[in-house]
Amino acid sequence: MNFLEERIVNDGIVKSAEVLLVDSFLNHQMDIALLERIGAELHRRFADKPITKVLTIETSGIAVAYSVARAFGVPLVFARKSRNVNLDGDAYVAEIESYPTRKLTQIIVAKKYLSETDRVLIIDDIMANGCALQGLIALVESADATVEGLGVAIEKAFQEGGHRIRNLGYRLEALATIEAMDPETGAITFRTQE
């Protein structure tokens with residue numbers, strides 16, 4: 001069992017067969033030392049790639065992506081879920097379905113922050129159905145940039161996201177891959193890491 005799986009077992013809460021709460025350490029209250037370890041491990045896994053930017057989606061992906069971008073020494077760009085007065089000029093736009101809210105929303109990145117010369121590593125905290133990652137891939141492709149890979153802290157393998165992304169031909173790395181969760185016992189079954 002790796003460091004993230006241990007933390008999930010110790011502090012995660014299985015709310016249902018599909019919902020895992022990790023808000024006490026990953027995406028509401030954040031354990032900075034844990035985030036640094038996540039960033040270092042994702043950096044290690046993608047060290048062979050010429051990453052120039054890390055891309056994520058607001059809000060909960062930012063902390064994980066920050067630690068990865070810091071490890072690579074490259075800028076972090078995050079896609080906004082709404083256009084506001086601070087977003088000036090042309091932008092790349094994609095539409096996604098948010099897993100937690102089950103609503104369609106647009107994600108937006110200003111064109112000046114992604115270009116055809118960028119080699120992008122896409123990062124998120126938790127992957128369920130893969131819609132957020134597919135939207136981020138669409139933004140990178142709109143910029144004629146290159147997706148070098150995708151990394152997530154937690155993959156819910158019992159949902160379709162990982163299968164979809166891998167079937168598109170992308171390299172996807174997850175630090176903790178959950179095969180099943182039992183809300184009655186709180187038991188979590190992880191996929192064996194290679």
# chains A, B, ... in the order shown; residues from 1 in each chain; ligands from 1

$ residues_around --residues "Arg102 of chain A" --least-positions-apart "4" --cutoff "12 Å" --atoms "only C-alpha atoms" --output "list in words"
Ile96, Glu97, Ser98, Ala128, Asn129, Cys131 and Ala132 of chain A

$ residues_around --residues "Asp124 of chain A" --least-positions-apart "2" --cutoff "10 Å" --atoms "only C-alpha atoms" --output "PyMOL selection string"
chain A and resi 55-65+122+126-127+132-133+150-155+174

$ atom_distance --atom1 "atom CA of Glu95 of chain A" --atom2 "atom CA of Asp144 of chain A"
17.8 Å

$ select_by_dssp --residues "segment 1-110 of chain A" --states "strand (DSSP E or B)" --output "list in words"
Ile13, Val14, Leu20, Leu21, Lys53, Val54, Leu55, Thr56, Ile57, Leu76, Val77, Phe78, Ala79, Arg80, Ala91, Tyr92, Val93, Ala94, Glu95, Ile96, Glu97, Leu104, Thr105, Gln106, Ile107, Ile108, Val109 and Ala110 of chain A
